[in-house]
$ cat run.cif   # mmCIF, C-alpha atoms and all ligand atoms
data_input
#
loop_
_atom_site.label_atom_id
_atom_site.label_comp_id
_atom_site.auth_asym_id
_atom_site.auth_seq_id
_atom_site.Cartn_x
_atom_site.Cartn_y
_atom_site.Cartn_z
CA MET A 272 121.78 105.13 63.47
CA GLY A 273 124.88 103.72 61.72
CA SER A 274 125.97 100.09 61.82
CA VAL A 275 127.45 98.75 65.04
CA VAL A 276 131.21 98.35 64.76
CA ASP A 277 132.15 97.60 68.34
CA PRO A 278 129.33 96.64 70.70
CA ALA A 279 131.26 98.19 73.60
CA PHE A 280 130.48 101.58 72.07
CA VAL A 281 126.85 101.12 71.23
CA GLN A 282 125.09 104.40 71.87
CA ALA A 283 122.93 103.99 74.95
CA PRO A 284 119.23 104.33 74.17
CA GLU A 285 117.22 107.22 75.57
CA HIS A 286 116.42 105.15 78.64
CA ARG A 287 113.77 107.25 80.28
CA PRO A 288 110.47 106.26 78.70
CA LYS A 289 108.18 109.12 77.78
CA SER A 290 105.13 107.35 79.15
CA THR A 291 104.38 104.28 81.19
CA GLU A 292 103.41 102.48 77.98
CA ASP A 293 106.92 102.78 76.65
CA PHE A 294 108.29 100.50 79.35
CA ARG A 295 106.85 97.59 77.43
CA THR A 296 108.82 98.38 74.31
CA LEU A 297 112.10 99.13 76.02
CA HIS A 298 114.90 96.86 74.81
CA LEU A 299 118.32 96.93 76.37
CA TYR A 300 120.22 95.50 73.43
CA HIS A 301 119.32 91.93 74.29
CA HIS A 302 120.77 90.78 71.01
CA VAL A 303 124.14 92.41 71.70
CA PHE A 304 124.50 91.32 75.32
CA PRO A 305 122.79 87.93 75.74
CA LEU A 306 124.69 87.08 78.94
CA TYR A 307 123.77 90.45 80.38
CA ARG A 308 120.13 89.72 79.65
CA GLU A 309 120.37 86.30 81.27
CA ALA A 310 122.00 87.74 84.41
CA CYS A 311 119.37 90.50 84.65
CA GLU A 312 116.50 88.06 84.28
CA LYS A 313 117.94 85.75 86.89
CA TYR A 314 118.46 88.61 89.31
CA ALA A 315 114.98 90.01 88.67
CA LYS A 316 113.37 86.65 89.40
CA ALA A 317 115.30 86.22 92.68
CA VAL A 318 114.75 89.76 93.94
CA ASN A 319 111.07 89.57 93.02
CA GLU A 320 110.69 86.46 95.17
CA LEU A 321 112.34 88.32 98.04
CA ALA A 322 109.97 91.26 97.48
CA PHE A 323 106.92 89.01 97.84
CA LYS A 324 108.33 87.53 101.05
CA LEU A 325 108.82 91.02 102.48
CA LEU A 326 105.36 92.07 101.28
CA GLU A 327 103.80 89.18 103.15
CA LEU A 328 105.79 89.83 106.32
CA ILE A 329 104.83 93.50 106.28
CA ALA A 330 101.17 92.58 105.71
CA LEU A 331 101.37 90.43 108.88
CA THR A 332 102.82 93.35 110.85
CA LEU A 333 99.73 95.37 109.87
CA GLY A 334 97.49 92.63 111.25
CA LEU A 335 96.46 91.54 107.75
CA PRO A 336 96.49 88.08 106.17
CA ALA A 337 99.95 87.43 104.69
CA LYS A 338 98.74 87.45 101.09
CA ARG A 339 96.39 90.42 101.44
CA LEU A 340 98.49 92.68 99.19
CA ASN A 341 99.71 90.15 96.64
CA GLY A 342 96.85 90.80 94.21
CA PHE A 343 98.04 94.38 93.63
CA PHE A 344 101.16 92.93 92.00
CA LYS A 345 99.46 90.60 89.52
CA ASP A 346 100.51 92.83 86.63
CA GLN A 347 103.25 94.58 88.54
CA SER A 348 105.14 97.50 87.01
CA SER A 349 108.37 96.89 88.92
CA ILE A 350 111.70 97.95 87.47
CA ILE A 351 115.37 97.40 88.14
CA ARG A 352 117.78 100.25 87.59
CA LEU A 353 121.54 99.97 87.26
CA ASN A 354 123.14 103.13 88.66
CA ARG A 355 126.71 104.23 88.11
CA TYR A 356 127.94 107.37 89.86
CA PRO A 357 131.32 108.47 88.47
CA PRO A 358 133.76 110.34 90.75
CA CYS A 359 132.85 114.00 90.85
CA PRO A 360 135.51 116.76 91.05
CA SER A 361 133.17 118.98 93.10
CA PRO A 362 131.11 116.63 95.29
CA ASN A 363 129.88 119.49 97.44
CA LEU A 364 128.24 121.13 94.46
CA ALA A 365 126.46 118.11 93.02
CA LEU A 366 124.28 115.19 94.03
CA GLY A 367 124.13 111.76 92.42
CA VAL A 368 120.36 111.72 92.91
CA GLY A 369 118.46 114.67 94.38
CA ARG A 370 116.26 114.29 97.45
CA HIS A 371 113.18 112.19 96.83
CA LYS A 372 110.93 109.45 98.11
CA ASP A 373 110.37 106.21 96.24
CA GLY A 374 106.78 106.07 95.07
CA GLY A 375 106.19 102.32 94.91
CA ALA A 376 105.64 99.77 97.64
CA LEU A 377 109.19 98.68 98.43
CA THR A 378 112.69 99.28 97.13
CA ILE A 379 115.30 96.56 97.51
CA LEU A 380 118.66 98.23 97.01
CA ALA A 381 122.01 96.55 96.48
CA GLN A 382 124.90 98.96 96.91
CA ASP A 383 128.66 98.43 96.73
CA ASP A 384 131.10 99.37 99.49
CA VAL A 385 131.62 103.00 98.40
CA GLY A 386 128.65 104.55 100.18
CA GLY A 387 126.68 107.65 99.20
CA LEU A 388 123.05 106.93 100.05
CA ASP A 389 121.82 109.42 102.66
CA VAL A 390 118.51 109.18 104.48
CA LYS A 391 116.85 112.16 106.12
CA ARG A 392 116.41 111.69 109.85
CA ARG A 393 112.89 112.75 110.70
CA SER A 394 113.66 113.99 114.22
CA ASP A 395 116.01 116.77 113.11
CA GLY A 396 116.18 116.74 109.31
CA GLU A 397 119.86 115.68 109.28
CA TRP A 398 121.13 113.64 106.35
CA ILE A 399 122.50 110.34 107.65
CA ARG A 400 124.76 108.11 105.53
CA VAL A 401 123.42 104.57 105.12
CA LYS A 402 126.57 102.59 105.78
CA PRO A 403 127.10 99.82 103.25
CA ILE A 404 127.02 96.39 104.90
CA PRO A 405 128.58 93.64 102.74
CA ASN A 406 126.15 91.08 101.30
CA SER A 407 123.08 92.91 102.50
CA TYR A 408 120.26 94.93 101.00
CA VAL A 409 118.80 98.25 102.02
CA ILE A 410 115.01 97.89 102.13
CA ASN A 411 113.05 101.08 101.69
CA ILE A 412 109.35 101.55 102.34
CA GLY A 413 107.80 103.59 99.53
CA ASP A 414 104.89 106.02 99.33
CA THR A 415 102.47 103.24 98.35
CA PHE A 416 102.99 101.54 101.70
CA GLN A 417 102.60 104.83 103.50
CA VAL A 418 99.17 105.28 101.92
CA TRP A 419 98.10 101.63 102.32
CA SER A 420 99.04 101.77 106.00
CA ASN A 421 97.30 105.16 106.43
CA ASP A 422 100.58 106.67 107.69
CA LYS A 423 101.46 103.86 110.09
CA TYR A 424 104.57 103.38 107.97
CA GLU A 425 106.30 106.35 106.37
CA SER A 426 108.41 106.38 103.25
CA ALA A 427 111.83 107.85 103.92
CA GLU A 428 113.24 110.82 102.07
CA HIS A 429 116.67 110.06 100.68
CA ARG A 430 119.32 111.25 98.23
CA VAL A 431 122.65 110.12 96.84
CA SER A 432 125.88 112.03 97.51
CA VAL A 433 128.93 111.60 95.32
CA ASN A 434 132.64 111.69 96.09
CA SER A 435 135.78 112.69 94.20
CA GLU A 436 137.66 109.42 94.66
CA ARG A 437 135.70 106.35 93.65
CA GLU A 438 132.87 105.52 91.31
CA ARG A 439 129.87 103.89 92.91
CA PHE A 440 127.36 101.32 91.68
CA SER A 441 123.93 100.55 93.03
CA VAL A 442 121.09 98.35 91.84
CA PRO A 443 117.61 99.26 93.13
CA PHE A 444 114.63 97.01 92.50
CA PHE A 445 111.46 99.09 92.66
CA PHE A 446 108.57 96.82 93.62
CA ASN A 447 105.59 98.57 92.09
CA PRO A 448 101.94 97.50 91.84
CA ALA A 449 100.04 97.15 88.57
CA ARG A 450 99.39 100.47 86.80
CA TYR A 451 95.62 100.05 87.11
CA VAL A 452 95.74 99.67 90.91
CA THR A 453 94.07 102.45 92.89
CA VAL A 454 96.31 103.16 95.87
CA GLN A 455 94.31 104.06 98.97
CA PRO A 456 94.32 103.30 102.71
CA LEU A 457 93.39 99.66 103.25
CA GLU A 458 89.82 99.35 104.46
CA GLU A 459 90.82 96.99 107.29
CA LEU A 460 93.02 99.74 108.73
CA ILE A 461 90.48 102.52 108.83
CA ASP A 462 87.40 103.11 110.93
CA GLU A 463 85.55 106.01 112.51
CA MET A 464 88.31 106.59 115.04
CA ASN A 465 90.99 106.31 112.42
CA PRO A 466 89.59 107.62 109.13
CA ALA A 467 91.37 107.40 105.79
CA LYS A 468 94.00 110.10 105.47
CA TYR A 469 94.28 109.88 101.69
CA ASN A 470 92.04 109.92 98.68
CA GLY A 471 92.76 107.10 96.27
CA TYR A 472 94.89 107.60 93.18
CA LYS A 473 95.78 105.46 90.23
CA TRP A 474 99.32 104.13 90.53
CA GLY A 475 100.02 104.33 86.77
CA GLU A 476 99.03 108.01 86.62
CA PHE A 477 101.01 108.86 89.74
CA TYR A 478 104.10 107.07 88.48
CA LYS A 479 103.95 108.65 85.05
CA THR A 480 103.85 112.11 86.61
CA ARG A 481 106.54 111.24 89.15
CA GLN A 482 108.89 110.38 86.29
CA ASN A 483 109.07 114.09 85.52
CA GLY A 484 111.13 114.46 88.68
CA ASN A 485 110.68 114.25 92.40
CA PHE A 486 109.91 117.15 94.68
CA LYS A 487 110.04 120.50 92.99
CA LYS A 488 112.83 120.85 90.49
CA LEU A 489 113.17 123.65 87.98
CA ASP A 490 109.67 124.57 86.87
CA VAL A 491 108.15 121.10 87.04
CA GLU A 492 105.55 120.62 89.74
CA ASN A 493 105.99 117.06 90.95
CA ILE A 494 103.33 114.81 92.26
CA GLN A 495 103.55 113.71 95.90
CA ILE A 496 101.23 111.69 98.09
CA TYR A 497 100.43 114.75 100.18
CA HIS A 498 98.50 116.01 97.16
CA PHE A 499 96.02 113.24 97.94
CA LYS A 500 95.90 113.90 101.65
CA LYS A 501 92.39 114.54 102.91
CA ALA A 502 91.65 117.75 104.75
CA VAL A 503 91.17 117.11 108.47
O1 LIG B 1 121.91 104.75 94.45
C1 LIG B 1 121.29 104.63 95.50
O2 LIG B 1 121.81 104.23 96.55
C2 LIG B 1 119.82 104.97 95.58
C3 LIG B 1 119.22 105.47 94.30
C4 LIG B 1 117.81 105.90 94.51
O3 LIG B 1 117.44 106.39 95.54
C5 LIG B 1 116.84 105.73 93.45
O4 LIG B 1 117.23 105.39 92.31
O5 LIG B 1 115.62 105.93 93.73
FE FE B 2 115.26 106.33 95.71
#

$ encode --input "run.cif" --output "structure tokens" --more "lines below"
Ligand SMILES: O=C(O)CCC(=O)C(=O)O
Ligand SMILES: [Fe+2]
Amino acid sequence: MGSVVDPAFVQAPEHRPKSTEDFRTLHLYHHVFPLYREACEKYAKAVNELAFKLLELIALTLGLPAKRLNGFFKDQSSIIRLNRYPPCPSPNLALGVGRHKDGGALTILAQDDVGGLDVKRRSDGEWIRVKPIPNSYVINIGDTFQVWSNDKYESAEHRVSVNSERERFSVPFFFNPARYVTVQPLEELIDEMNPAKYNGYKWGEFYKTRQNGNFKKLDVENIQIYHFKKAV
């Protein structure tokens, strides 16, 4: 790479790591944008605190001690993504993000007032726009919670539509457990009457494979939690 003349035109790095290991060596030009780094770190700390509060509240709703799930996040692999969706001349022919489910425990999404996030209504399969509400987050239950809760909670399928008028920004925080965590139905929630519906899987392996895409796209077979569903 040549020398940097104007930092506004620094070539963006290849930002999709090839393996989970690469996340550790990912640098977003900290030296070029120190204020950006500071803002990101501050935001990450605050949203992480919120994530733990939500985690504890959800644990209580499952009849578990508030801190029952906290240990899974000791070496958490959470990430924040900054999304920009430019206006699209043919919004009916393209999607900002194709249909998918978030694989982790929770997603805390900040979105601007443009709108574009659609969630699939389970009753009839219709795509419903998630209306932006100022100063609020969209909280999404991910696959990990679906498995922990043995299907009591379900992760929602969603996608992002684009429009031809305005660019859109969103900032999801993906609250993910440590890579070494085996995700499986919590033992307190299963018994003979209500047996485990999933075999356990290693979060790090699942996530690495999920990075190849979500649901079936081109010729890549994507990993989904139903692959771990036990036969009944
Ligand atoms: O931009 C959004 O509103 C959501 C993006 C999203 O679903 C994702 O990055 O997983
Ligand atoms: Fe998502």

$ residues_near_ligand --input "run.cif" --ligand "ligand FE 2 (chain B)" --cutoff "10 Å" --atoms "all atoms listed in the file" --output "PDB file with C-alpha atoms, keeping the file's coordinate frame"
ATOM      1  CA  VAL A 368     120.360 111.720  92.910  1.00  0.00           C
ATOM      2  CA  GLY A 369     118.460 114.670  94.380  1.00  0.00           C
ATOM      3  CA  ARG A 370     116.260 114.290  97.450  1.00  0.00           C
ATOM      4  CA  HIS A 371     113.180 112.190  96.830  1.00  0.00           C
ATOM      5  CA  LYS A 372     110.930 109.450  98.110  1.00  0.00           C
ATOM      6  CA  ASP A 373     110.370 106.210  96.240  1.00  0.00           C
ATOM      7  CA  GLY A 374     106.780 106.070  95.070  1.00  0.00           C
ATOM      8  CA  GLY A 375     106.190 102.320  94.910  1.00  0.00           C
ATOM      9  CA  THR A 378     112.690  99.280  97.130  1.00  0.00           C
ATOM     10  CA  ILE A 379     115.300  96.560  97.510  1.00  0.00           C
ATOM     11  CA  LEU A 380     118.660  98.230  97.010  1.00  0.00           C
ATOM     12  CA  LEU A 388     123.050 106.930 100.050  1.00  0.00           C
ATOM     13  CA  VAL A 390     118.510 109.180 104.480  1.00  0.00           C
ATOM     14  CA  ASN A 411     113.050 101.080 101.690  1.00  0.00           C
ATOM     15  CA  GLY A 413     107.800 103.590  99.530  1.00  0.00           C
ATOM     16  CA  ALA A 427     111.830 107.850 103.920  1.00  0.00           C
ATOM     17  CA  GLU A 428     113.240 110.820 102.070  1.00  0.00           C
ATOM     18  CA  HIS A 429     116.670 110.060 100.680  1.00  0.00           C
ATOM     19  CA  ARG A 430     119.320 111.250  98.230  1.00  0.00           C
ATOM     20  CA  VAL A 431     122.650 110.120  96.840  1.00  0.00           C
ATOM     21  CA  PRO A 443     117.610  99.260  93.130  1.00  0.00           C
ATOM     22  CA  PHE A 444     114.630  97.010  92.500  1.00  0.00           C
ATOM     23  CA  PHE A 445     111.460  99.090  92.660  1.00  0.00           C
ATOM     24  CA  ASN A 485     110.680 114.250  92.400  1.00  0.00           C
TER      25      ASN A 485
END

$ closest_residue --input "run.cif" --among "A:Ala376, A:Leu321, A:Val385, A:Val442" --to "Lys402 (chain A)" --atoms "all atoms listed in the file"
A:Val385

$ axis_aligned_box --input "run.cif" --around "region 313-316 of chain A" --padding-each-side "5 Å" --output "lines of an AutoDock Vina configuration file"
center_x = 115.9
center_y = 87.9
center_z = 88.1
size_x = 15.1
size_y = 14.3
size_z = 12.5

$ atom_distance --input "run.cif" --atom1 "CA of Tyr314 (chain A)" --atom2 "CA of Val409 (chain A)"
16.0 Å

$ closest_residue --input "run.cif" --among "A:Phe416, A:Trp398, A:Tyr451, A:Phe440" --to "Gln382 (chain A)" --atoms "all atoms listed in the file"
A:Phe440

$ atom_distance --input "run.cif" --atom1 "CA of Glu458 (chain A)" --atom2 "CA of Asn493 (chain A)"
27.5 Å

$ closest_residue --input "run.cif" --among "A:Arg352, A:His498, A:Lys423, A:Lys479" --to "ligand LIG 1 (chain B)" --atoms "all atoms listed in the file"
A:Arg352

$ closest_residue --input "run.cif" --among "A:Ser394, A:Asn434, A:Asn465, A:Ser407" --to "Asp422 (chain A)" --atoms "all atoms listed in the file"
A:Asn465

$ closest_residue --input "run.cif" --among "A:Trp419, A:Phe477, A:Phe446, A:Tyr424" --to "ligand LIG 1 (chain B)" --atoms "all atoms listed in the file"
A:Phe446

$ residues_around --input "run.cif" --residues "Thr453 (chain A)" --least-positions-apart "3" --cutoff "7 Å" --atoms "only C-alpha atoms" --output "count of residues only"
4

$ closest_residue --input "run.cif" --among "A:Ser349, A:Arg355, A:Leu340, A:Arg439" --to "Asp384 (chain A)" --atoms "only C-alpha atoms"
A:Arg439

$ atom_distance --input "run.cif" --atom1 "CA of Pro405 (chain A)" --atom2 "CA of Gly367 (chain A)"
21.3 Å

$ residues_around --input "run.cif" --residues "Gln347 (chain A)" --least-positions-apart "6" --cutoff "7 Å" --atoms "only C-alpha atoms" --output "list of chain:residue names"
A:Asn447, A:Pro448, A:Ala449
